[in-house]
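Take a look at the structure set out below.
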Amino acid sequence: MEAIIKPVPRVTPELAPFFAAARRRELVVQRCAGCDLLRFPPRELCSRCWSRDAAWTPVCGRGEVFSFYWMHQVYHPGFAGEVPYAVAVVQLEEGPHVLSNVVGCTHAQLRVGMPVEVTFEDVSDTVTLPKFRPAG
Ligand code: ZN
């Protein structure tokens, strides 16, 4: 039987710098050139000063779980072997929120406020996803 392949995120021009950084094991977010506000996901306009100028900047990769849920439903057969898995909004130490997965922890361990750190998973020959695991 042929293995079912999980869908891989489409690398859009807007997200290309983010995925290039992830490939080299670095987590980056956008920094507004007008007011230094850090933001993720990337946006064309700063929500604080309306500047259109921004650059990608590395962050430390640490944060805490802001919210989460456990995915039990199999919406794509490629994920059948992975349910249940944790989907979480992580608040980075620098402020921005990132939607990702928390790996390496159980139902009992995962909680709001839990310290996490980034880890990287190569999901294809070209795409690497930042995920999070319990810190320390
Ligand atoms: Zn700004």
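Just remember, in the structure tokens the first chain shown is A, the second B, etc., residues are 1-based per chain, and ligands are 1-based in the order shown.
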
Extract, using only C-alpha atoms, all DNA, RNA and protein residues at most 10 Å from A:Gly61, discarding same-chain residues fewer than 6 positions from it, and format them as a PDB file with all heavy atoms, in the first residue's frame.
ATOM      1  N   ARG A  25      16.938  26.464  11.059  1.00  0.00           N
ATOM      2  CA  ARG A  25      16.671  26.304  12.499  1.00  0.00           C
ATOM      3  C   ARG A  25      16.657  27.641  13.234  1.00  0.00           C
ATOM      4  O   ARG A  25      17.206  27.784  14.322  1.00  0.00           O
ATOM      5  CB  ARG A  25      17.706  25.382  13.148  1.00  0.00           C
ATOM      6  CG  ARG A  25      17.387  23.899  13.173  1.00  0.00           C
ATOM      7  CD  ARG A  25      17.030  23.341  11.864  1.00  0.00           C
ATOM      8  NE  ARG A  25      16.625  21.918  12.001  1.00  0.00           N
ATOM      9  CZ  ARG A  25      16.007  21.255  11.037  1.00  0.00           C
ATOM     10  NH1 ARG A  25      15.703  21.829   9.894  1.00  0.00           N
ATOM     11  NH2 ARG A  25      15.673  20.003  11.207  1.00  0.00           N
ATOM     12  N   GLU A  26      15.983  28.602  12.622  1.00  0.00           N
ATOM     13  CA  GLU A  26      15.869  29.909  13.231  1.00  0.00           C
ATOM     14  C   GLU A  26      14.409  30.340  13.138  1.00  0.00           C
ATOM     15  O   GLU A  26      13.790  30.196  12.094  1.00  0.00           O
ATOM     16  CB  GLU A  26      16.758  30.881  12.465  1.00  0.00           C
ATOM     17  CG  GLU A  26      17.017  32.200  13.142  1.00  0.00           C
ATOM     18  CD  GLU A  26      18.066  33.005  12.400  1.00  0.00           C
ATOM     19  OE1 GLU A  26      17.864  33.329  11.207  1.00  0.00           O
ATOM     20  OE2 GLU A  26      19.094  33.312  13.009  1.00  0.00           O
ATOM     21  N   LEU A  27      13.874  30.879  14.247  1.00  0.00           N
ATOM     22  CA  LEU A  27      12.506  31.386  14.251  1.00  0.00           C
ATOM     23  C   LEU A  27      12.559  32.898  14.067  1.00  0.00           C
ATOM     24  O   LEU A  27      13.283  33.584  14.796  1.00  0.00           O
ATOM     25  CB  LEU A  27      11.819  31.026  15.563  1.00  0.00           C
ATOM     26  CG  LEU A  27      10.331  31.376  15.675  1.00  0.00           C
ATOM     27  CD1 LEU A  27       9.507  30.607  14.643  1.00  0.00           C
ATOM     28  CD2 LEU A  27       9.826  31.091  17.087  1.00  0.00           C
ATOM     29  N   VAL A  28      11.804  33.399  13.100  1.00  0.00           N
ATOM     30  CA  VAL A  28      11.808  34.837  12.826  1.00  0.00           C
ATOM     31  C   VAL A  28      10.380  35.365  12.807  1.00  0.00           C
ATOM     32  O   VAL A  28       9.425  34.630  12.535  1.00  0.00           O
ATOM     33  CB  VAL A  28      12.499  35.160  11.468  1.00  0.00           C
ATOM     34  CG1 VAL A  28      13.977  34.803  11.518  1.00  0.00           C
ATOM     35  CG2 VAL A  28      11.807  34.460  10.303  1.00  0.00           C
ATOM     36  N   LEU A  92       5.257  34.168  22.246  1.00  0.00           N
ATOM     37  CA  LEU A  92       6.707  34.236  22.329  1.00  0.00           C
ATOM     38  C   LEU A  92       7.131  35.226  23.411  1.00  0.00           C
ATOM     39  O   LEU A  92       6.400  36.159  23.729  1.00  0.00           O
ATOM     40  CB  LEU A  92       7.280  34.670  20.975  1.00  0.00           C
ATOM     41  CG  LEU A  92       6.946  33.750  19.792  1.00  0.00           C
ATOM     42  CD1 LEU A  92       7.452  34.363  18.493  1.00  0.00           C
ATOM     43  CD2 LEU A  92       7.526  32.359  20.006  1.00  0.00           C
ATOM     44  N   GLU A  93       8.318  35.039  23.949  1.00  0.00           N
ATOM     45  CA  GLU A  93       8.831  35.968  24.974  1.00  0.00           C
ATOM     46  C   GLU A  93       8.846  37.398  24.457  1.00  0.00           C
ATOM     47  O   GLU A  93       8.646  38.347  25.215  1.00  0.00           O
ATOM     48  CB  GLU A  93      10.251  35.565  25.406  1.00  0.00           C
ATOM     49  CG  GLU A  93      10.269  34.398  26.354  1.00  0.00           C
ATOM     50  CD  GLU A  93      11.658  34.114  26.929  1.00  0.00           C
ATOM     51  OE1 GLU A  93      12.609  34.871  26.631  1.00  0.00           O
ATOM     52  OE2 GLU A  93      11.769  33.119  27.661  1.00  0.00           O
ATOM     53  N   GLU A  94       9.055  37.542  23.144  1.00  0.00           N
ATOM     54  CA  GLU A  94       9.105  38.874  22.547  1.00  0.00           C
ATOM     55  C   GLU A  94       7.710  39.446  22.286  1.00  0.00           C
ATOM     56  O   GLU A  94       7.592  40.593  21.853  1.00  0.00           O
ATOM     57  CB  GLU A  94       9.894  38.831  21.237  1.00  0.00           C
ATOM     58  CG  GLU A  94      11.377  38.505  21.410  1.00  0.00           C
ATOM     59  CD  GLU A  94      11.663  37.007  21.449  1.00  0.00           C
ATOM     60  OE1 GLU A  94      10.709  36.207  21.507  1.00  0.00           O
ATOM     61  OE2 GLU A  94      12.853  36.640  21.424  1.00  0.00           O
ATOM     62  N   VAL A 116       7.526  26.764  26.853  1.00  0.00           N
ATOM     63  CA  VAL A 116       7.874  25.923  25.700  1.00  0.00           C
ATOM     64  C   VAL A 116       9.047  26.563  24.949  1.00  0.00           C
ATOM     65  O   VAL A 116       9.350  27.745  25.132  1.00  0.00           O
ATOM     66  CB  VAL A 116       6.675  25.751  24.736  1.00  0.00           C
ATOM     67  CG1 VAL A 116       5.594  24.877  25.372  1.00  0.00           C
ATOM     68  CG2 VAL A 116       6.098  27.089  24.299  1.00  0.00           C
ATOM     69  N   GLU A 117       9.676  25.758  24.128  1.00  0.00           N
ATOM     70  CA  GLU A 117      10.762  26.246  23.279  1.00  0.00           C
ATOM     71  C   GLU A 117      10.591  25.654  21.889  1.00  0.00           C
ATOM     72  O   GLU A 117      10.029  24.569  21.727  1.00  0.00           O
ATOM     73  CB  GLU A 117      12.121  25.872  23.871  1.00  0.00           C
ATOM     74  CG  GLU A 117      12.358  24.381  23.971  1.00  0.00           C
ATOM     75  CD  GLU A 117      13.607  24.026  24.758  1.00  0.00           C
ATOM     76  OE1 GLU A 117      14.215  24.913  25.377  1.00  0.00           O
ATOM     77  OE2 GLU A 117      13.960  22.828  24.749  1.00  0.00           O
ATOM     78  N   VAL A 118      11.101  26.376  20.909  1.00  0.00           N
ATOM     79  CA  VAL A 118      10.912  25.950  19.529  1.00  0.00           C
ATOM     80  C   VAL A 118      11.759  24.713  19.222  1.00  0.00           C
ATOM     81  O   VAL A 118      12.833  24.495  19.805  1.00  0.00           O
ATOM     82  CB  VAL A 118      11.238  27.114  18.556  1.00  0.00           C
ATOM     83  CG1 VAL A 118      12.739  27.387  18.473  1.00  0.00           C
ATOM     84  CG2 VAL A 118      10.656  26.863  17.172  1.00  0.00           C
ATOM     85  N   THR A 119      11.244  23.900  18.321  1.00  0.00           N
ATOM     86  CA  THR A 119      11.968  22.777  17.761  1.00  0.00           C
ATOM     87  C   THR A 119      11.561  22.746  16.293  1.00  0.00           C
ATOM     88  O   THR A 119      10.553  23.332  15.916  1.00  0.00           O
ATOM     89  CB  THR A 119      11.631  21.454  18.495  1.00  0.00           C
ATOM     90  OG1 THR A 119      12.408  20.392  17.937  1.00  0.00           O
ATOM     91  CG2 THR A 119      10.160  21.104  18.397  1.00  0.00           C
ATOM     92  N   PRO A 130       8.449  25.144  12.281  1.00  0.00           N
ATOM     93  CA  PRO A 130       8.728  25.361  13.706  1.00  0.00           C
ATOM     94  C   PRO A 130       7.584  24.784  14.533  1.00  0.00           C
ATOM     95  O   PRO A 130       6.419  25.057  14.258  1.00  0.00           O
ATOM     96  CB  PRO A 130       8.774  26.890  13.838  1.00  0.00           C
ATOM     97  CG  PRO A 130       8.830  27.415  12.451  1.00  0.00           C
ATOM     98  CD  PRO A 130       8.179  26.389  11.581  1.00  0.00           C
ATOM     99  N   LYS A 131       7.926  23.968  15.499  1.00  0.00           N
ATOM    100  CA  LYS A 131       6.959  23.461  16.469  1.00  0.00           C
ATOM    101  C   LYS A 131       7.512  23.768  17.837  1.00  0.00           C
ATOM    102  O   LYS A 131       8.611  24.297  17.960  1.00  0.00           O
ATOM    103  CB  LYS A 131       6.738  21.956  16.263  1.00  0.00           C
ATOM    104  CG  LYS A 131       6.135  21.653  14.891  1.00  0.00           C
ATOM    105  CD  LYS A 131       5.717  20.209  14.745  1.00  0.00           C
ATOM    106  CE  LYS A 131       4.992  20.010  13.422  1.00  0.00           C
ATOM    107  NZ  LYS A 131       4.458  18.640  13.267  1.00  0.00           N
ATOM    108  N   PHE A 132       6.760  23.432  18.874  1.00  0.00           N
ATOM    109  CA  PHE A 132       7.213  23.749  20.232  1.00  0.00           C
ATOM    110  C   PHE A 132       7.175  22.505  21.083  1.00  0.00           C
ATOM    111  O   PHE A 132       6.394  21.593  20.854  1.00  0.00           O
ATOM    112  CB  PHE A 132       6.355  24.868  20.831  1.00  0.00           C
ATOM    113  CG  PHE A 132       6.603  26.194  20.161  1.00  0.00           C
ATOM    114  CD1 PHE A 132       5.922  26.528  18.993  1.00  0.00           C
ATOM    115  CD2 PHE A 132       7.536  27.072  20.655  1.00  0.00           C
ATOM    116  CE1 PHE A 132       6.172  27.729  18.341  1.00  0.00           C
ATOM    117  CE2 PHE A 132       7.803  28.270  20.014  1.00  0.00           C
ATOM    118  CZ  PHE A 132       7.119  28.608  18.853  1.00  0.00           C
TER     119      PHE A 132
END

Could the residues that lie within 7 Å of ligand 1, counting only C-alpha atoms and all ligand atoms, be listed as a PDB file with N, CA, C and O atoms, in the first residue's frame?
ATOM      1  N   CYS A  32       8.415  45.928  12.584  1.00  0.00           N
ATOM      2  CA  CYS A  32       8.029  47.142  11.878  1.00  0.00           C
ATOM      3  C   CYS A  32       9.201  48.115  11.852  1.00  0.00           C
ATOM      4  O   CYS A  32       9.816  48.376  12.891  1.00  0.00           O
ATOM      5  N   ALA A  33       9.507  48.645  10.677  1.00  0.00           N
ATOM      6  CA  ALA A  33      10.604  49.613  10.553  1.00  0.00           C
ATOM      7  C   ALA A  33      10.203  50.979  11.086  1.00  0.00           C
ATOM      8  O   ALA A  33      11.062  51.810  11.373  1.00  0.00           O
ATOM      9  N   GLY A  34       8.905  51.202  11.241  1.00  0.00           N
ATOM     10  CA  GLY A  34       8.450  52.502  11.714  1.00  0.00           C
ATOM     11  C   GLY A  34       8.433  52.620  13.230  1.00  0.00           C
ATOM     12  O   GLY A  34       8.764  53.666  13.781  1.00  0.00           O
ATOM     13  N   CYS A  35       8.056  51.536  13.923  1.00  0.00           N
ATOM     14  CA  CYS A  35       7.889  51.642  15.384  1.00  0.00           C
ATOM     15  C   CYS A  35       8.461  50.450  16.148  1.00  0.00           C
ATOM     16  O   CYS A  35       8.289  50.358  17.362  1.00  0.00           O
ATOM     17  N   ASP A  36       9.120  49.508  15.451  1.00  0.00           N
ATOM     18  CA  ASP A  36       9.769  48.341  16.078  1.00  0.00           C
ATOM     19  C   ASP A  36       8.789  47.291  16.618  1.00  0.00           C
ATOM     20  O   ASP A  36       9.211  46.345  17.285  1.00  0.00           O
ATOM     21  N   LEU A  37       7.492  47.444  16.374  1.00  0.00           N
ATOM     22  CA  LEU A  37       6.532  46.433  16.828  1.00  0.00           C
ATOM     23  C   LEU A  37       6.838  45.097  16.142  1.00  0.00           C
ATOM     24  O   LEU A  37       7.027  45.044  14.929  1.00  0.00           O
ATOM     25  N   CYS A  46       1.562  47.949   9.427  1.00  0.00           N
ATOM     26  CA  CYS A  46       1.685  47.870  10.881  1.00  0.00           C
ATOM     27  C   CYS A  46       0.367  48.313  11.512  1.00  0.00           C
ATOM     28  O   CYS A  46      -0.195  49.346  11.145  1.00  0.00           O
ATOM     29  N   SER A  47      -0.121  47.533  12.486  1.00  0.00           N
ATOM     30  CA  SER A  47      -1.390  47.869  13.131  1.00  0.00           C
ATOM     31  C   SER A  47      -1.232  49.046  14.100  1.00  0.00           C
ATOM     32  O   SER A  47      -2.217  49.619  14.537  1.00  0.00           O
ATOM     33  N   ARG A  48       0.015  49.391  14.442  1.00  0.00           N
ATOM     34  CA  ARG A  48       0.223  50.496  15.392  1.00  0.00           C
ATOM     35  C   ARG A  48       0.529  51.819  14.685  1.00  0.00           C
ATOM     36  O   ARG A  48      -0.016  52.850  15.046  1.00  0.00           O
ATOM     37  N   CYS A  49       1.445  51.786  13.669  1.00  0.00           N
ATOM     38  CA  CYS A  49       1.858  53.059  13.061  1.00  0.00           C
ATOM     39  C   CYS A  49       1.548  53.127  11.568  1.00  0.00           C
ATOM     40  O   CYS A  49       1.835  54.128  10.927  1.00  0.00           O
ATOM     41  N   TRP A  50       0.994  52.052  11.018  1.00  0.00           N
ATOM     42  CA  TRP A  50       0.569  51.977   9.619  1.00  0.00           C
ATOM     43  C   TRP A  50       1.730  51.970   8.635  1.00  0.00           C
ATOM     44  O   TRP A  50       1.536  52.137   7.439  1.00  0.00           O
ATOM     45  N   SER A  51       2.939  51.813   9.097  1.00  0.00           N
ATOM     46  CA  SER A  51       4.084  51.747   8.185  1.00  0.00           C
ATOM     47  C   SER A  51       3.973  50.495   7.325  1.00  0.00           C
ATOM     48  O   SER A  51       3.509  49.446   7.783  1.00  0.00           O
TER      49      SER A  51
END

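With only C-alpha atoms taken into account, the protein and nucleic acid residues at most 12 Å from A:Pro7 (excluding it and anything under 6 positions from it in its own chain) are Tyr75, His76, Pro77, Gly78, Phe79, Val123, Ser124 and Val127 of chain A.
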
Stretch 86-89 of chain A surroundings by only C-alpha atoms, 7 Å radius, close-in-sequence under 2 positions cut, as a ChimeraX atom specification: /A:65-71,84,91,97-102

Residue among A:Thr126, A:Cys60, A:Gly136, A:His72 lying closest to A:Phe19, counting only C-alpha atoms: A:Thr126
